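So this block is input12.tsv, TSV, C-alpha atoms:
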```tsv
chain	number	residue	atom	x	y	z
A	1	MET	CA	62.65	148.40	87.00
A	2	LEU	CA	65.62	146.92	88.86
A	3	ASN	CA	67.71	150.01	88.15
A	4	ASP	CA	64.88	152.26	89.35
A	5	MET	CA	64.88	150.25	92.60
A	6	GLY	CA	68.61	150.81	93.09
A	7	VAL	CA	69.75	147.42	91.76
A	8	PRO	CA	72.29	147.97	88.97
A	9	ALA	CA	71.25	145.81	86.02
A	10	ARG	CA	72.14	145.62	82.34
A	11	LEU	CA	70.71	143.98	79.28
A	12	ILE	CA	73.43	142.00	77.49
A	13	VAL	CA	72.71	141.52	73.78
A	14	ILE	CA	74.63	138.88	71.86
A	15	CYS	CA	74.10	139.90	68.25
A	16	HIS	CA	72.95	137.29	65.76
A	17	ARG	CA	75.46	136.88	62.94
A	18	SER	CA	72.89	138.13	60.40
A	19	TYR	CA	72.19	141.40	62.21
A	20	ALA	CA	74.30	144.41	63.17
A	21	LYS	CA	74.32	146.21	66.52
A	22	GLU	CA	72.68	149.23	64.89
A	23	GLU	CA	69.63	147.17	63.92
A	24	TYR	CA	69.10	146.15	67.54
A	25	VAL	CA	69.51	149.74	68.71
A	26	ASN	CA	67.03	150.99	66.11
A	27	ALA	CA	64.48	148.36	67.16
A	28	ILE	CA	64.85	149.22	70.85
A	29	GLN	CA	64.63	152.95	70.25
A	30	ALA	CA	61.54	152.51	68.07
A	31	LYS	CA	59.63	150.66	70.81
A	32	TYR	CA	60.94	152.03	74.12
A	33	ILE	CA	61.47	155.48	75.62
A	34	HIS	CA	65.19	154.86	76.13
A	35	CYS	CA	68.05	152.52	75.24
A	36	SER	CA	69.87	152.73	78.57
A	37	ASN	CA	71.94	150.03	80.28
A	38	VAL	CA	72.20	147.99	77.08
A	39	TYR	CA	75.52	146.33	76.25
A	40	PHE	CA	76.47	144.48	73.08
A	41	ASP	CA	78.64	141.35	72.83
A	42	CYS	CA	81.01	142.35	75.63
A	43	VAL	CA	81.02	142.70	79.40
A	44	GLU	CA	83.91	142.74	81.88
A	45	ASP	CA	84.21	139.68	84.11
A	46	ASN	CA	84.42	141.72	87.32
A	47	GLU	CA	81.19	143.54	86.47
A	48	VAL	CA	78.96	140.45	86.69
A	49	ASP	CA	77.57	139.08	89.97
A	50	ALA	CA	74.51	137.22	88.70
A	51	THR	CA	72.78	136.63	85.39
A	52	LEU	CA	69.01	136.47	84.95
A	53	ILE	CA	67.62	134.42	82.07
A	54	ILE	CA	63.88	134.81	81.38
A	55	GLY	CA	63.58	131.19	80.26
A	56	ARG	CA	65.95	128.23	80.25
A	57	SER	CA	66.17	128.33	76.46
A	58	MET	CA	68.39	131.43	76.73
A	59	LEU	CA	71.04	129.12	78.17
A	60	THR	CA	70.38	126.12	75.93
A	61	LEU	CA	70.38	128.12	72.69
A	62	ALA	CA	73.69	129.74	73.66
A	63	PHE	CA	75.10	126.27	74.26
A	64	MET	CA	73.63	124.69	71.11
A	65	ASN	CA	74.86	127.55	68.89
A	66	PHE	CA	78.11	128.28	70.72
A	67	ASN	CA	80.37	127.59	67.74
A	68	SER	CA	78.47	130.10	65.60
A	69	TYR	CA	79.58	133.03	67.80
A	70	ASN	CA	82.81	134.98	67.40
A	71	ASN	CA	85.52	134.81	70.07
A	72	LEU	CA	84.38	137.95	71.89
A	73	GLN	CA	80.80	136.67	72.06
A	74	LYS	CA	82.01	133.28	73.31
A	75	GLN	CA	84.01	134.99	76.06
A	76	THR	CA	80.98	137.05	77.05
A	77	LEU	CA	78.64	134.04	77.17
A	78	SER	CA	81.17	132.06	79.21
A	79	CYS	CA	81.50	135.00	81.59
A	80	VAL	CA	77.83	135.77	82.22
A	81	PHE	CA	76.77	132.12	82.48
A	82	SER	CA	79.56	131.09	84.83
A	83	LYS	CA	78.27	133.41	87.56
A	84	ASN	CA	75.25	132.85	89.78
A	85	LEU	CA	72.35	132.08	87.47
A	86	ILE	CA	68.74	133.14	88.13
A	87	SER	CA	66.83	130.86	85.81
A	88	VAL	CA	63.13	131.24	84.97
A	89	TYR	CA	61.70	127.78	84.43
A	90	SER	CA	60.67	126.63	80.95
A	91	GLU	CA	60.45	123.22	79.34
A	92	ASN	CA	62.33	123.93	76.10
A	93	HIS	CA	65.13	121.45	75.42
A	94	PRO	CA	65.04	119.68	78.82
A	95	LEU	CA	68.00	117.45	78.01
A	96	ASP	CA	70.07	120.20	76.41
A	97	TYR	CA	69.44	122.49	79.41
A	98	GLN	CA	71.29	120.01	81.63
A	99	LYS	CA	74.09	119.82	79.06
A	100	ALA	CA	74.24	123.63	78.95
A	101	LEU	CA	74.56	123.78	82.74
A	102	SER	CA	77.46	121.33	82.58
A	103	PHE	CA	79.05	123.32	79.74
A	104	PHE	CA	78.89	126.80	81.34
A	105	CYS	CA	79.23	125.60	84.97
A	106	PRO	CA	77.45	128.44	86.81
A	107	LYS	CA	78.47	128.97	90.44
A	108	GLY	CA	74.91	128.35	91.51
A	109	VAL	CA	71.38	128.24	90.09
A	110	ILE	CA	68.28	129.81	91.63
A	111	ASP	CA	65.04	128.80	89.93
A	112	LEU	CA	61.92	130.91	89.38
A	113	CYS	CA	58.70	129.62	87.87
A	114	ASP	CA	55.22	130.68	86.75
A	115	TYR	CA	53.22	127.77	88.16
A	116	ASP	CA	50.07	128.75	86.26
A	117	VAL	CA	51.97	127.95	83.06
A	118	TYR	CA	54.28	125.21	84.40
A	119	PRO	CA	52.53	123.43	87.30
A	120	ASN	CA	55.38	120.92	87.54
A	121	GLY	CA	58.15	123.53	87.57
A	122	ILE	CA	60.53	124.44	90.37
A	123	GLY	CA	61.52	127.60	92.21
A	124	ASP	CA	59.91	130.71	93.65
A	125	HIS	CA	56.75	131.89	91.87
A	126	PHE	CA	57.40	134.57	89.22
A	127	GLU	CA	55.15	135.86	86.45
A	128	LYS	CA	56.33	137.47	83.22
A	129	HIS	CA	54.60	140.83	82.89
A	130	ILE	CA	55.65	143.63	80.52
A	131	ASN	CA	56.96	146.90	81.95
A	132	PHE	CA	54.69	149.11	79.87
A	133	SER	CA	56.00	152.25	81.59
A	134	ILE	CA	58.92	152.30	79.13
A	135	TYR	CA	56.80	151.68	76.00
A	136	LYS	CA	56.38	154.41	73.44
A	137	SER	CA	52.83	155.14	72.35
A	138	HIS	CA	51.95	153.75	68.94
A	139	LYS	CA	50.29	155.80	66.22
A	140	ASN	CA	47.07	154.52	64.69
A	141	ASN	CA	47.74	153.85	61.02
A	142	ILE	CA	45.44	150.90	60.32
A	143	GLN	CA	46.67	148.82	57.37
A	144	PHE	CA	44.44	145.76	57.83
A	145	GLU	CA	41.75	144.52	60.22
A	146	HIS	CA	43.25	141.27	61.53
A	147	LEU	CA	46.80	140.43	62.62
A	148	PHE	CA	48.17	136.88	62.73
A	149	LEU	CA	51.52	135.71	64.11
A	150	GLY	CA	53.36	133.40	61.70
A	151	THR	CA	56.99	133.65	62.81
A	152	ASN	CA	57.72	129.97	62.33
A	153	GLU	CA	56.48	127.22	60.03
A	154	LYS	CA	54.14	125.63	62.60
A	155	TYR	CA	52.46	128.94	63.42
A	156	TYR	CA	52.12	129.74	59.73
A	157	SER	CA	50.58	126.39	58.79
A	158	THR	CA	47.94	126.86	61.50
A	159	ILE	CA	47.07	130.29	60.10
A	160	GLU	CA	46.67	128.86	56.60
A	161	LYS	CA	43.77	126.69	57.82
A	162	VAL	CA	41.67	129.77	58.62
A	163	ILE	CA	43.13	132.66	56.67
A	164	ASP	CA	40.44	132.53	53.95
A	165	GLN	CA	37.93	133.63	56.60
A	166	TYR	CA	39.94	136.82	57.21
A	167	PRO	CA	40.63	138.47	53.83
A	168	ASP	CA	41.59	141.79	55.44
A	169	HIS	CA	44.64	140.46	57.26
A	170	GLY	CA	48.34	140.84	57.86
A	171	ILE	CA	50.65	137.99	58.89
A	172	LEU	CA	53.66	138.96	60.97
A	173	SER	CA	56.46	136.70	59.75
A	174	TYR	CA	60.02	136.32	58.57
A	175	ASN	CA	60.84	136.32	54.87
A	176	ALA	CA	61.24	132.54	54.87
A	177	GLU	CA	60.57	129.70	52.44
A	178	TYR	CA	57.37	128.57	54.20
A	179	VAL	CA	55.70	131.98	53.64
A	180	LYS	CA	53.02	132.06	50.93
A	181	VAL	CA	53.22	135.04	48.58
A	182	LYS	CA	49.41	135.16	48.13
A	183	ASN	CA	49.00	136.26	51.76
A	184	ASN	CA	49.56	139.77	53.08
A	185	ASN	CA	52.85	139.07	54.87
A	186	ILE	CA	54.39	141.71	57.13
A	187	PHE	CA	58.07	140.94	57.56
A	188	VAL	CA	59.86	141.72	60.80
A	189	PRO	CA	61.22	144.01	62.06
A	190	VAL	CA	58.07	146.16	61.91
A	191	GLU	CA	57.79	149.65	63.34
A	192	ASN	CA	54.50	150.76	64.91
A	193	LEU	CA	53.05	147.24	64.75
A	194	MET	CA	50.33	147.91	67.33
A	195	GLY	CA	49.04	150.80	65.26
A	196	MET	CA	48.60	148.74	62.08
A	197	PHE	CA	45.62	146.51	62.99
A	198	ASN	CA	42.41	146.41	65.01
A	199	THR	CA	42.09	142.74	66.00
A	200	TYR	CA	44.68	140.10	66.89
A	201	VAL	CA	43.71	136.53	65.95
A	202	TYR	CA	45.52	134.05	68.19
A	203	THR	CA	45.87	130.70	66.40
A	204	LYS	CA	48.91	128.94	67.90
A	205	ASP	CA	48.25	125.24	68.47
A	206	THR	CA	51.66	124.50	70.00
A	207	PHE	CA	52.88	125.31	73.50
A	208	ASP	CA	53.23	129.05	74.11
A	209	PRO	CA	55.10	130.11	77.29
A	210	ALA	CA	54.36	133.87	77.42
A	211	PRO	CA	52.44	135.45	74.51
A	212	ARG	CA	53.63	139.05	74.34
A	213	ILE	CA	51.11	140.25	71.75
A	214	ILE	CA	48.17	139.10	73.91
A	215	GLN	CA	49.51	141.25	76.75
A	216	GLU	CA	50.11	144.20	74.42
A	217	CYS	CA	46.60	143.96	72.96
A	218	LYS	CA	45.06	143.93	76.44
A	219	TYR	CA	47.12	146.95	77.50
A	220	PHE	CA	46.30	148.94	74.34
A	221	ASN	CA	42.63	147.85	74.26
A	222	LYS	CA	42.95	145.96	70.99
A	223	SER	CA	40.36	143.31	70.15
A	224	LEU	CA	41.36	139.64	70.53
A	225	ILE	CA	40.01	136.51	68.89
A	226	TYR	CA	41.16	133.37	70.72
A	227	LEU	CA	41.04	130.92	67.81
A	228	ARG	CA	42.56	127.77	69.28
A	229	SER	CA	41.46	124.84	71.40
A	230	LYS	CA	40.50	125.80	74.95
A	231	SER	CA	41.95	122.44	76.05
A	232	ILE	CA	45.52	123.69	75.58
A	233	ILE	CA	46.82	124.89	78.95
A	234	ASP	CA	49.90	127.07	78.57
A	235	GLY	CA	50.90	130.71	78.54
A	236	GLY	CA	48.33	131.41	75.85
A	237	SER	CA	45.38	130.29	77.95
A	238	VAL	CA	46.84	131.83	81.13
A	239	TYR	CA	47.53	135.27	79.65
A	240	TRP	CA	44.19	135.23	77.82
A	241	LYS	CA	42.57	135.27	81.28
A	242	ARG	CA	45.26	137.14	83.24
A	243	ASN	CA	44.91	140.89	83.76
A	244	ILE	CA	47.68	143.39	83.06
A	245	PHE	CA	49.82	144.14	86.10
A	246	THR	CA	52.96	146.13	86.78
A	247	PRO	CA	55.72	143.50	86.93
A	248	ASN	CA	56.45	142.18	90.41
A	249	VAL	CA	60.20	141.65	90.71
A	250	ASP	CA	60.24	140.56	94.37
A	251	ALA	CA	61.26	137.02	93.41
A	252	ILE	CA	64.23	138.40	91.44
A	253	LEU	CA	65.27	140.59	94.35
A	254	ARG	CA	65.13	137.62	96.74
A	255	ALA	CA	67.21	135.56	94.30
A	256	ILE	CA	69.82	138.32	94.03
A	257	LYS	CA	70.17	138.44	97.82
A	258	LYS	CA	70.81	134.70	97.93
```

Here is a file; write its structure as structure tokens.
Amino acid sequence: MLNDMGVPARLIVICHRSYAKEEYVNAIQAKYIHCSNVYFDCVEDNEVDATLIIGRSMLTLAFMNFNSYNNLQKQTLSCVFSKNLISVYSENHPLDYQKALSFFCPKGVIDLCDYDVYPNGIGDHFEKHINFSIYKSHKNNIQFEHLFLGTNEKYYSTIEKVIDQYPDHGILSYNAEYVKVKNNNIFVPVENLMGMFNTYVYTKDTFDPAPRIIQECKYFNKSLIYLRSKSIIDGGSVYWKRNIFTPNVDAILRAIKK
């Protein structure tokens, strides 16, 4: 959207050591109509004015895992995070975020925040909405009725409490030790995910900043079962009620001008 508005922007991908560049490209091309303005592991220092992170954890995880990257990746991270930083507020690793700021030493930090999710945050108001205009259409190829999200041990353990009530299910997960073989596990990456099920069952009982699948189900008119306590106020409860909008990037544009 920024490029369409005349603001040159790039997505910088720092590849995980277990995955090759080609796997990222394949995943992007499977889901989106193009793979433009995407760079891997390397960017020239003079090409970066400001870096946008859609959550503070993007900075803290880079700091916490810095020694696991190769030299080129370390140079790239040091480059992009030493410029002006546009940082979308999140509460992951609050202590390590301050350490990460001290480690990368950005020239300046401009904060953005979704106050419906983080009422005690800081910065100009900004909501995370998906740019569905670049999504490819999925093909209906229903494999099971209900989809669950079990991409970490906490999510998966919550699903196990109710999964017997949903025998026709698929659990989106990683091929990890906590996964139970008796369940119908769908290991990521998965092509055409939105075409594989009819109903998404939302069971997370831990803080969720911006649930993508809830937004995708609303956009594609998939059924949703909100199977968690209504007392939890976070991205899950907010996006359950929030309508689908075209992303508003005005806050990002104002931050860039600063």

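Between atom CA of A:His125 and atom CA of A:Gly235 the interatomic distance comes to 14.6 Å.
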
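Of the residues listed (A:Ile186, A:Val238, A:Val13, A:Leu72), A:Val238 shows the shortest atom-to-atom separation from A:Pro211; distances use only C-alpha atoms.
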
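For the pair atom CA of A:Tyr155 and atom CA of A:Ser229, the interatomic distance is 14.2 Å.
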
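Comparing the minimum interatomic distances between A:Ser57 and each of A:Asp168, A:Asp250, A:Asp96, A:Asp45, counting all atoms listed in the file, we find that A:Asp96 sits nearest.
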
Legend entry - Residues near stretch 47-49 of chain A, cut-off 7 Å, all atoms listed in the file, skip fewer than 5 positions along chain, as a PyMOL selection string: chain A and resi 80+83-84

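Candidate residues A:Asn221, A:Val188, A:Leu147, A:Gln98 were compared for distance to A:Glu23, and the nearest is A:Val188, using all atoms listed in the file.
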
Env of A:Thr158: 10 Å cut, atoms = only C-alpha atoms, seq-sep filter 2 positions within chain, self excluded. Answer as a short mmCIF file (atom, residue, chain, number, x, y, z; two decimals) with C-alpha atoms, in the coordinates of the input.
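Wrote it out as selection.cif, contents follow:
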```
data_model
loop_
_atom_site.label_atom_id
_atom_site.label_comp_id
_atom_site.auth_asym_id
_atom_site.auth_seq_id
_atom_site.Cartn_x
_atom_site.Cartn_y
_atom_site.Cartn_z
CA LEU A 149 51.52 135.71 64.11
CA GLY A 150 53.36 133.40 61.70
CA GLU A 153 56.48 127.22 60.03
CA LYS A 154 54.14 125.63 62.60
CA TYR A 155 52.46 128.94 63.42
CA TYR A 156 52.12 129.74 59.73
CA GLU A 160 46.67 128.86 56.60
CA LYS A 161 43.77 126.69 57.82
CA VAL A 162 41.67 129.77 58.62
CA ILE A 163 43.13 132.66 56.67
CA THR A 203 45.87 130.70 66.40
CA LYS A 204 48.91 128.94 67.90
CA ASP A 205 48.25 125.24 68.47
CA THR A 206 51.66 124.50 70.00
CA ARG A 228 42.56 127.77 69.28
#
```

Legend entry - Separation of atom CA of A:Asn26 from atom CA of A:Ile130, in Å and rounded to one decimal: 19.8 Å
